[in-house]
>>> print(open('my_file_32.cif').read())   # mmCIF, C-alpha atoms
data_work
loop_
_atom_site.label_atom_id
_atom_site.label_comp_id
_atom_site.auth_asym_id
_atom_site.auth_seq_id
_atom_site.Cartn_x
_atom_site.Cartn_y
_atom_site.Cartn_z
CA MET P 122 58.35 -117.70 -117.26
CA LEU P 123 61.57 -118.43 -119.16
CA ARG P 124 61.54 -114.90 -120.59
CA LYS P 125 61.10 -113.39 -117.12
CA VAL P 126 63.98 -115.38 -115.67
CA PHE P 127 66.32 -114.58 -118.58
CA CYS P 128 65.44 -110.89 -118.87
CA GLY P 129 65.33 -110.37 -115.12
CA SER P 130 68.77 -111.94 -114.69
CA LEU P 131 70.22 -110.02 -117.62
CA ALA P 132 68.77 -106.74 -116.31
CA LEU P 133 70.28 -107.37 -112.87
CA ALA P 134 73.65 -107.91 -114.53
CA VAL P 135 73.26 -104.60 -116.38
CA ILE P 136 72.45 -102.82 -113.11
CA VAL P 137 75.36 -104.43 -111.23
CA SER P 138 77.72 -103.48 -114.07
CA GLY P 139 77.11 -99.81 -113.31
CA ARG P 140 75.57 -99.14 -116.69
CA VAL P 141 72.27 -97.95 -115.20
CA ARG P 142 74.02 -95.70 -112.69
CA ARG P 143 76.08 -94.06 -115.44
CA ALA P 144 73.03 -93.63 -117.68
CA LYS P 145 71.03 -92.06 -114.86
CA LYS P 146 73.88 -89.67 -114.03
CA SER P 147 74.06 -88.57 -117.66
CA ILE P 148 70.30 -88.01 -117.83
CA LEU P 149 70.09 -86.00 -114.61
CA SER P 150 73.01 -83.78 -115.60
CA SER P 151 71.57 -82.85 -119.00
CA ASN P 152 68.43 -81.52 -120.66
CA LEU P 153 67.32 -84.97 -121.80
CA ILE P 154 63.65 -85.77 -121.32
CA THR P 155 62.57 -89.34 -120.63
CA ALA P 156 59.21 -90.38 -122.08
CA ILE P 157 57.92 -93.73 -120.81
CA TYR P 158 54.80 -95.53 -121.91
CA PHE P 159 52.85 -98.45 -120.51
CA HIS P 160 49.79 -100.36 -121.62
CA ASN P 161 48.25 -102.26 -118.71
CA PRO P 162 50.79 -102.53 -115.87
CA ASN P 163 49.92 -104.22 -112.61
CA LYS P 164 49.69 -101.96 -109.58
CA ARG P 165 52.91 -103.18 -107.95
CA LEU P 166 55.03 -102.66 -111.06
CA PHE P 167 53.68 -99.17 -111.73
CA ALA P 168 54.08 -98.09 -108.11
CA ARG P 169 57.65 -99.38 -108.00
CA CYS P 170 58.52 -97.55 -111.23
CA VAL P 171 57.10 -94.26 -109.96
CA ARG P 172 58.76 -94.55 -106.57
CA TRP P 173 62.10 -95.43 -108.20
CA LEU P 174 61.88 -92.33 -110.40
CA ILE P 175 61.02 -90.14 -107.40
CA LYS P 176 63.83 -91.60 -105.29
CA ASN P 177 66.35 -91.07 -108.07
CA GLY P 178 65.63 -87.40 -108.60
CA TYR P 179 63.38 -87.33 -111.66
CA THR P 180 60.81 -84.57 -112.18
CA PHE P 181 57.42 -85.54 -113.60
CA ILE P 182 55.93 -83.37 -116.33
CA SER P 183 52.62 -83.48 -118.18
CA HIS P 184 52.25 -83.61 -121.94
CA HIS P 185 51.10 -79.97 -121.75
CA GLU P 186 54.49 -79.04 -120.30
CA LEU P 187 56.23 -81.17 -122.91
CA ILE P 188 54.39 -79.27 -125.65
CA LYS P 189 55.71 -75.98 -124.25
CA ILE P 190 59.24 -77.39 -124.18
CA LEU P 191 59.08 -78.59 -127.80
CA HIS P 192 57.07 -75.73 -129.33
CA GLN P 193 58.14 -72.72 -127.27
CA GLY P 194 61.66 -73.64 -126.22
CA VAL P 195 60.83 -73.71 -122.51
CA GLU P 196 63.73 -75.12 -120.50
CA PRO P 197 62.91 -78.60 -119.17
CA PRO P 198 63.51 -79.40 -115.50
CA ARG P 199 66.42 -81.71 -114.70
CA GLY P 200 65.40 -85.32 -115.04
CA ALA P 201 62.11 -84.48 -116.75
CA VAL P 202 59.99 -87.59 -117.25
CA TRP P 203 56.61 -87.96 -118.95
CA LEU P 204 54.40 -91.02 -118.35
CA SER P 205 51.72 -92.16 -120.78
CA PHE P 206 49.42 -95.14 -121.29
CA ASP P 207 48.20 -96.48 -124.62
CA ASP P 208 44.76 -98.06 -125.22
CA ALA P 209 42.94 -97.05 -121.97
CA PHE P 210 42.63 -100.46 -120.34
CA LYS P 211 39.96 -100.54 -117.64
CA GLU P 212 42.50 -101.80 -115.06
CA LEU P 213 44.12 -98.35 -115.11
CA LEU P 214 41.27 -97.17 -112.90
CA GLU P 215 42.54 -99.37 -110.06
CA ASN P 216 46.23 -99.88 -110.84
CA VAL P 217 47.36 -96.46 -112.08
CA VAL P 218 45.00 -93.57 -111.43
CA PRO P 219 44.93 -93.89 -107.59
CA ILE P 220 48.75 -93.99 -107.44
CA ALA P 221 49.05 -91.02 -109.81
CA ARG P 222 46.67 -89.04 -107.62
CA GLN P 223 48.27 -90.06 -104.35
CA LEU P 224 51.80 -89.18 -105.52
CA HIS P 225 50.72 -86.20 -107.67
CA VAL P 226 52.18 -87.70 -110.84
CA PRO P 227 50.77 -86.37 -114.15
CA VAL P 228 49.84 -89.09 -116.65
CA THR P 229 48.43 -89.06 -120.17
CA ILE P 230 46.00 -91.77 -121.29
CA PHE P 231 45.70 -92.30 -125.04
CA VAL P 232 42.14 -93.35 -125.79
CA PRO P 233 40.75 -95.16 -128.87
CA SER P 234 37.47 -93.27 -128.65
CA GLY P 235 35.30 -95.52 -130.80
CA ILE P 236 36.22 -98.64 -128.83
CA VAL P 237 35.53 -96.87 -125.55
CA ASP P 238 32.20 -95.61 -126.90
CA SER P 239 31.09 -99.12 -127.93
CA ASP P 240 31.58 -102.54 -126.33
CA GLY P 241 35.08 -101.77 -125.11
CA LEU P 242 36.57 -104.89 -126.68
CA PHE P 243 40.06 -104.65 -128.14
CA PRO P 244 40.09 -106.49 -131.50
CA TRP P 245 43.60 -107.86 -130.91
CA LEU P 246 42.54 -109.60 -127.67
CA ASP P 247 40.41 -112.71 -127.51
CA SER P 248 38.26 -111.54 -124.64
CA LYS P 249 34.55 -111.79 -123.97
CA VAL P 250 34.28 -109.00 -121.41
CA ARG P 251 35.06 -105.31 -121.71
CA ASP P 252 38.77 -104.43 -122.02
CA ALA P 253 38.61 -100.62 -122.06
CA ILE P 254 37.36 -97.95 -119.71
CA THR P 255 33.91 -96.50 -120.39
CA VAL P 256 32.82 -93.03 -121.49
CA ALA P 257 31.64 -92.42 -117.93
CA ASP P 258 35.11 -93.36 -116.69
CA VAL P 259 36.72 -90.91 -119.13
CA LYS P 260 34.46 -88.12 -117.94
CA GLU P 261 35.21 -88.89 -114.29
CA ILE P 262 38.99 -89.28 -114.36
CA ALA P 263 39.40 -86.31 -116.72
CA LYS P 264 38.36 -84.17 -113.73
CA TYR P 265 41.51 -85.15 -111.86
CA PRO P 266 44.37 -82.67 -112.27
CA GLU P 267 46.87 -85.53 -112.63
CA VAL P 268 45.09 -87.16 -115.59
CA SER P 269 45.05 -85.90 -119.18
CA MET P 270 43.59 -87.54 -122.26
CA GLY P 271 45.00 -87.95 -125.74
CA SER P 272 43.75 -89.50 -128.96
CA HIS P 273 44.63 -93.00 -130.11
CA THR P 274 42.37 -92.77 -133.21
CA VAL P 275 38.74 -93.93 -133.16
CA GLY P 276 39.27 -97.67 -133.51
CA HIS P 277 42.98 -98.11 -132.70
CA THR P 278 43.54 -97.87 -136.44
CA VAL P 279 47.08 -98.15 -137.80
CA ILE P 280 47.04 -94.99 -139.87
CA VAL P 281 49.88 -95.91 -142.23
CA ASN P 282 47.32 -98.17 -143.91
CA LEU P 283 44.91 -95.30 -144.61
CA SER P 284 44.52 -92.57 -147.19
CA ASP P 285 45.04 -88.96 -146.12
CA GLU P 286 41.29 -88.44 -146.10
CA GLU P 287 40.75 -91.46 -143.85
CA VAL P 288 43.54 -90.37 -141.49
CA HIS P 289 42.02 -86.91 -141.23
CA ARG P 290 38.63 -88.41 -140.36
CA GLU P 291 40.17 -90.60 -137.64
CA LEU P 292 42.03 -87.66 -136.12
CA GLU P 293 39.10 -85.27 -136.27
CA LYS P 294 36.43 -87.66 -134.99
CA SER P 295 38.51 -88.95 -132.09
CA LYS P 296 39.40 -85.40 -131.07
CA ARG P 297 35.78 -84.25 -131.18
CA MET P 298 34.57 -87.22 -129.13
CA LEU P 299 37.21 -86.81 -126.43
CA GLU P 300 36.71 -83.05 -126.21
CA ALA P 301 32.95 -83.55 -125.81
CA TRP P 302 33.53 -86.03 -122.98
CA THR P 303 36.27 -84.15 -121.14
CA GLY P 304 35.46 -80.52 -121.85
CA ALA P 305 39.16 -79.92 -122.51
CA PRO P 306 41.20 -79.41 -125.70
CA ILE P 307 42.79 -82.62 -126.99
CA THR P 308 46.26 -81.75 -128.24
CA ALA P 309 48.17 -85.05 -127.92
CA PHE P 310 48.06 -88.15 -130.11
CA ALA P 311 49.77 -91.55 -130.00
CA TYR P 312 50.29 -93.62 -133.14
CA PRO P 313 48.61 -97.03 -132.77
CA GLU P 314 51.35 -99.68 -132.66
CA GLY P 315 53.75 -96.74 -132.77
CA ARG P 316 53.62 -96.85 -136.56
CA SER P 317 53.89 -93.77 -138.75
CA ASP P 318 55.25 -93.13 -142.22
CA GLY P 319 56.48 -89.59 -141.56
CA CYS P 320 53.71 -87.95 -143.57
CA GLU P 321 51.23 -87.25 -140.78
CA THR P 322 52.51 -83.91 -139.50
CA LEU P 323 50.37 -81.74 -141.77
CA LEU P 324 47.22 -83.70 -140.95
CA LEU P 325 47.94 -83.63 -137.21
CA THR P 326 48.59 -79.90 -137.32
CA LYS P 327 45.45 -79.30 -139.35
CA SER P 328 43.41 -81.19 -136.75
CA GLY P 329 44.83 -79.15 -133.88
CA TYR P 330 47.26 -81.65 -132.37
CA GLN P 331 50.52 -80.30 -130.99
CA LEU P 332 52.24 -83.55 -130.03
CA ALA P 333 52.31 -87.11 -131.38
CA ALA P 334 54.01 -90.02 -129.62
CA THR P 335 55.79 -92.94 -131.24
CA SER P 336 57.33 -96.11 -129.78
CA ALA P 337 60.93 -95.37 -130.82
CA PRO P 338 63.15 -96.09 -127.77
CA MET P 339 65.08 -92.83 -127.56
CA PHE P 340 65.29 -89.76 -125.35
CA VAL P 341 63.42 -86.56 -126.10
CA THR P 342 65.48 -83.39 -126.56
CA GLN P 343 64.44 -79.77 -127.02
CA GLY P 344 65.08 -80.30 -130.74
CA THR P 345 62.81 -83.33 -131.06
CA ASN P 346 60.07 -83.06 -133.67
CA PRO P 347 56.89 -82.72 -131.54
CA TYR P 348 55.01 -84.96 -133.98
CA PHE P 349 57.46 -87.85 -133.59
CA VAL P 350 58.13 -88.00 -129.86
CA PRO P 351 60.02 -91.18 -128.90
CA ARG P 352 59.14 -93.18 -125.79
CA PHE P 353 60.68 -96.04 -123.85
CA HIS P 354 58.34 -98.96 -123.20
CA VAL P 355 57.76 -100.77 -119.92
CA GLY P 356 55.79 -103.97 -120.56
CA ASP P 357 52.87 -105.07 -118.42
CA ASN P 358 54.71 -107.92 -116.70
CA PHE P 359 58.35 -106.86 -116.96
CA PRO P 360 60.59 -107.85 -114.05
CA PHE P 361 61.34 -104.67 -112.13
CA PRO P 362 65.08 -104.70 -112.97
CA GLU P 363 64.16 -104.83 -116.68
CA ALA P 364 61.77 -101.91 -116.16
CA ILE P 365 64.60 -99.88 -114.60
CA CYS P 366 66.91 -100.64 -117.52
CA ASN P 367 64.20 -99.54 -119.96
CA MET P 368 63.48 -96.31 -118.09
CA VAL P 369 67.12 -95.17 -118.33
CA GLY P 370 67.55 -96.30 -121.94
CA SER P 371 70.04 -99.07 -121.13
CA TRP P 372 67.96 -102.07 -122.13
CA ARG P 373 67.68 -102.08 -125.92
CA PRO P 374 71.46 -101.85 -126.58
CA VAL P 375 71.85 -104.97 -124.42
CA ILE P 376 68.87 -107.03 -125.57
CA ASP P 377 68.87 -106.20 -129.30
CA PRO P 378 71.82 -108.53 -130.13
CA PHE P 379 69.92 -111.41 -128.50
CA ILE P 380 66.81 -110.50 -130.50
CA ARG P 381 68.81 -110.52 -133.74
CA ILE P 382 70.31 -113.93 -132.91
CA ARG P 383 66.87 -115.33 -132.15
CA GLN P 384 65.55 -113.96 -135.43
CA ARG P 385 68.42 -115.50 -137.39
CA CYS P 386 67.78 -118.87 -135.72
CA ALA P 387 64.10 -118.59 -136.59
CA ASP P 388 64.97 -117.73 -140.19
CA VAL P 389 67.31 -120.71 -140.47
CA ALA P 390 64.77 -123.05 -138.90
CA GLY P 391 62.12 -121.75 -141.28
CA TYR P 392 64.43 -122.30 -144.23
CA PHE P 393 65.03 -125.94 -143.35
CA ARG P 394 61.33 -126.53 -142.75
CA ARG P 395 60.54 -125.52 -146.33
CA PRO P 396 60.14 -128.25 -148.98
CA LEU P 397 63.43 -129.19 -150.66
CA SER P 398 62.25 -127.80 -154.00
CA ARG P 399 61.75 -124.36 -152.43
CA GLN P 400 65.16 -124.51 -150.70
CA TYR P 401 66.79 -125.32 -154.04
CA ARG P 402 64.97 -122.48 -155.78
CA ALA P 403 65.91 -120.02 -152.99
CA ARG P 404 69.60 -120.97 -153.30
CA ASN P 405 69.50 -120.52 -157.06
CA GLU P 406 67.74 -117.15 -156.81
CA SER P 407 70.24 -115.88 -154.24
CA SER P 408 73.13 -116.73 -156.57
CA ILE P 409 71.75 -114.76 -159.52
#
>>> encode(input="my_file_32.cif", output="structure tokens")
Amino acid sequence: MLRKVFCGSLALAVIVSGRVRRAKKSILSSNLITAIYFHNPNKRLFARCVRWLIKNGYTFISHHELIKILHQGVEPPRGAVWLSFDDAFKELLENVVPIARQLHVPVTIFVPSGIVDSDGLFPWLDSKVRDAITVADVKEIAKYPEVSMGSHTVGHTVIVNLSDEEVHRELEKSKRMLEAWTGAPITAFAYPEGRSDGCETLLLTKSGYQLAATSAPMFVTQGTNPYFVPRFHVGDNFPFPEAICNMVGSWRPVIDPFIRIRQRCADVAGYFRRPLSRQYRARNESSI
């Protein structure tokens, strides 16, 4: 609650300052492409984000169109925006897909195929009931022209921790599973946790992927490496003003100084919580 109040108030101040208006004007008068990703937004937040983008002159594109822009040099439409969803939460069936269909908004869902094919439980959540959509769900919503699928590895595996052989297996198996379910080529991939070490391009290319999405909060340009596509994040329960600031790229420059201050305070507090002998040793080591 405290976070919502603080971030919502700060975001409103950013909007009132004119920063969002200026950022939006710059975006819509250039060839910048805005990539936005969600995880499990509530229906109201997602609908408000989509309607705000429509009202403010953005043009929705699919990841297939983004591939043509990055690989073939196709000119992007003004205010091009691509929406994607990591992890394939089951709530997307009610909170996202109907809105995307109603408003004809293309979306890409990045699916951890092995989790979907099993009990649907996300290992990072302490839940007892299914978190993810089912294979039947994937088959059904893949029929909709607004919905495309992408790979998120087999088990939501952070691939920087794997050998090249293991990464290749994850990429290949996930692709095969999704293609069998959807009957369509799978050409897009999203790095779990947004983490990559910059060495994946050859393996992605070898497996037939043409685009890979990160979590770096930057705009996409025609010169962006298609295997390291940045995206702005809108959190599941963000106040709507904060979501707006994120979608135009105005949020991180404002909030990052506060994050650094909080981290320094945490570091100082941690230092003074350590035993005195460790504090003394740390001071001596830092003076060497």
>>> residues_around(input="my_file_32.cif", residues="segment 243-259 of chain P", least_positions_apart="2", cutoff="6 Å", atoms="all atoms listed in the file", output="PyMOL selection string")
chain P and resi 209-211+237+241+261-263
>>> closest_residue(input="my_file_32.cif", among="P:Trp203, P:Ala134, P:His184, P:Glu267", to="His225 of chain P", atoms="all atoms listed in the file")
P:Glu267
>>> closest_residue(input="my_file_32.cif", among="P:Val350, P:Leu149, P:Thr274, P:Leu214", to="Asn161 of chain P", atoms="all atoms listed in the file")
P:Leu214
>>> atom_distance(input="my_file_32.cif", atom1="atom CA of Lys145 of chain P", atom2="atom CA of Gly200 of chain P")
8.8 Å
>>> closest_atom_pairs(input="my_file_32.cif", of="segment 201-271 of chain P", to="segment 322-338 of chain P", cutoff="10 Å", atoms="only C-alpha atoms", output="tab-separated table")
residue	atom	partner	partner_atom	distance
P:Ser205	CA	P:Ala334	CA	9.4
P:Phe231	CA	P:Ala334	CA	9.8
P:Gly271	CA	P:Ala333	CA	9.3
>>> resolve_selection(input="my_file_32.cif", expression="the PyMOL selection byres ((chain P and resi 136-140) around 12)", output="list in words")
Gly129, Ser130, Leu131, Ala132, Leu133, Ala134, Val135, Val141, Arg142, Arg143, Ala144, Lys145, Lys146, Ser147, Phe361, Pro362, Glu363, Ala364, Ile365, Cys366, Asn367, Val369, Gly370, Ser371, Trp372, Pro374 and Val375 of chain P
>>> decode(input="my_file_32.cif", residues="segment 170-193 of chain P", atoms="N, CA and C atoms", output="tab-separated table (two decimals), in the first residue's frame")
chain	number	residue	atom	x	y	z
P	170	CYS	N	-4.63	0.78	-19.98
P	170	CYS	CA	-3.39	0.98	-20.73
P	170	CYS	C	-3.66	0.97	-22.23
P	171	VAL	N	-4.43	-0.01	-22.69
P	171	VAL	CA	-4.72	-0.12	-24.12
P	171	VAL	C	-5.50	1.08	-24.61
P	172	ARG	N	-6.52	1.47	-23.85
P	172	ARG	CA	-7.34	2.60	-24.28
P	172	ARG	C	-6.54	3.91	-24.26
P	173	TRP	N	-5.61	4.05	-23.32
P	173	TRP	CA	-4.77	5.24	-23.28
P	173	TRP	C	-3.88	5.28	-24.52
P	174	LEU	N	-3.31	4.16	-24.89
P	174	LEU	CA	-2.45	4.10	-26.07
P	174	LEU	C	-3.24	4.42	-27.34
P	175	ILE	N	-4.46	3.90	-27.44
P	175	ILE	CA	-5.31	4.18	-28.60
P	175	ILE	C	-5.64	5.67	-28.66
P	176	LYS	N	-6.08	6.20	-27.53
P	176	LYS	CA	-6.48	7.62	-27.46
P	176	LYS	C	-5.33	8.55	-27.82
P	177	ASN	N	-4.10	8.14	-27.49
P	177	ASN	CA	-2.96	9.01	-27.70
P	177	ASN	C	-2.22	8.76	-29.01
P	178	GLY	N	-2.83	8.02	-29.90
P	178	GLY	CA	-2.32	7.94	-31.26
P	178	GLY	C	-1.29	6.86	-31.54
P	179	TYR	N	-1.17	5.87	-30.67
P	179	TYR	CA	-0.22	4.78	-30.92
P	179	TYR	C	-0.81	3.78	-31.93
P	180	THR	N	0.08	3.05	-32.58
P	180	THR	CA	-0.32	2.03	-33.54
P	180	THR	C	0.21	0.67	-33.08
P	181	PHE	N	-0.68	-0.26	-32.84
P	181	PHE	CA	-0.27	-1.57	-32.34
P	181	PHE	C	0.30	-2.43	-33.47
P	182	ILE	N	1.41	-3.10	-33.17
P	182	ILE	CA	2.00	-4.03	-34.13
P	182	ILE	C	2.21	-5.37	-33.44
P	183	SER	N	2.30	-6.42	-34.24
P	183	SER	CA	2.58	-7.76	-33.72
P	183	SER	C	4.09	-7.99	-33.73
P	184	HIS	N	4.51	-9.09	-33.10
P	184	HIS	CA	5.95	-9.37	-33.13
P	184	HIS	C	6.39	-9.79	-34.54
P	185	HIS	N	5.45	-10.28	-35.35
P	185	HIS	CA	5.78	-10.61	-36.74
P	185	HIS	C	6.14	-9.33	-37.51
P	186	GLU	N	5.39	-8.27	-37.27
P	186	GLU	CA	5.69	-6.98	-37.91
P	186	GLU	C	7.00	-6.41	-37.38
P	187	LEU	N	7.24	-6.59	-36.08
P	187	LEU	CA	8.49	-6.11	-35.51
P	187	LEU	C	9.69	-6.84	-36.12
P	188	ILE	N	9.55	-8.11	-36.38
P	188	ILE	CA	10.62	-8.88	-37.03
P	188	ILE	C	10.93	-8.30	-38.41
P	189	LYS	N	9.90	-7.96	-39.16
P	189	LYS	CA	10.12	-7.36	-40.49
P	189	LYS	C	10.82	-6.01	-40.39
P	190	ILE	N	10.48	-5.25	-39.36
P	190	ILE	CA	11.12	-3.94	-39.17
P	190	ILE	C	12.60	-4.11	-38.86
P	191	LEU	N	12.92	-5.08	-37.98
P	191	LEU	CA	14.31	-5.24	-37.53
P	191	LEU	C	15.17	-6.04	-38.51
P	192	HIS	N	14.57	-6.97	-39.23
P	192	HIS	CA	15.35	-7.81	-40.14
P	192	HIS	C	15.36	-7.29	-41.58
P	193	GLN	N	14.27	-6.68	-41.99
P	193	GLN	CA	14.13	-6.30	-43.40
P	193	GLN	C	14.12	-4.80	-43.62
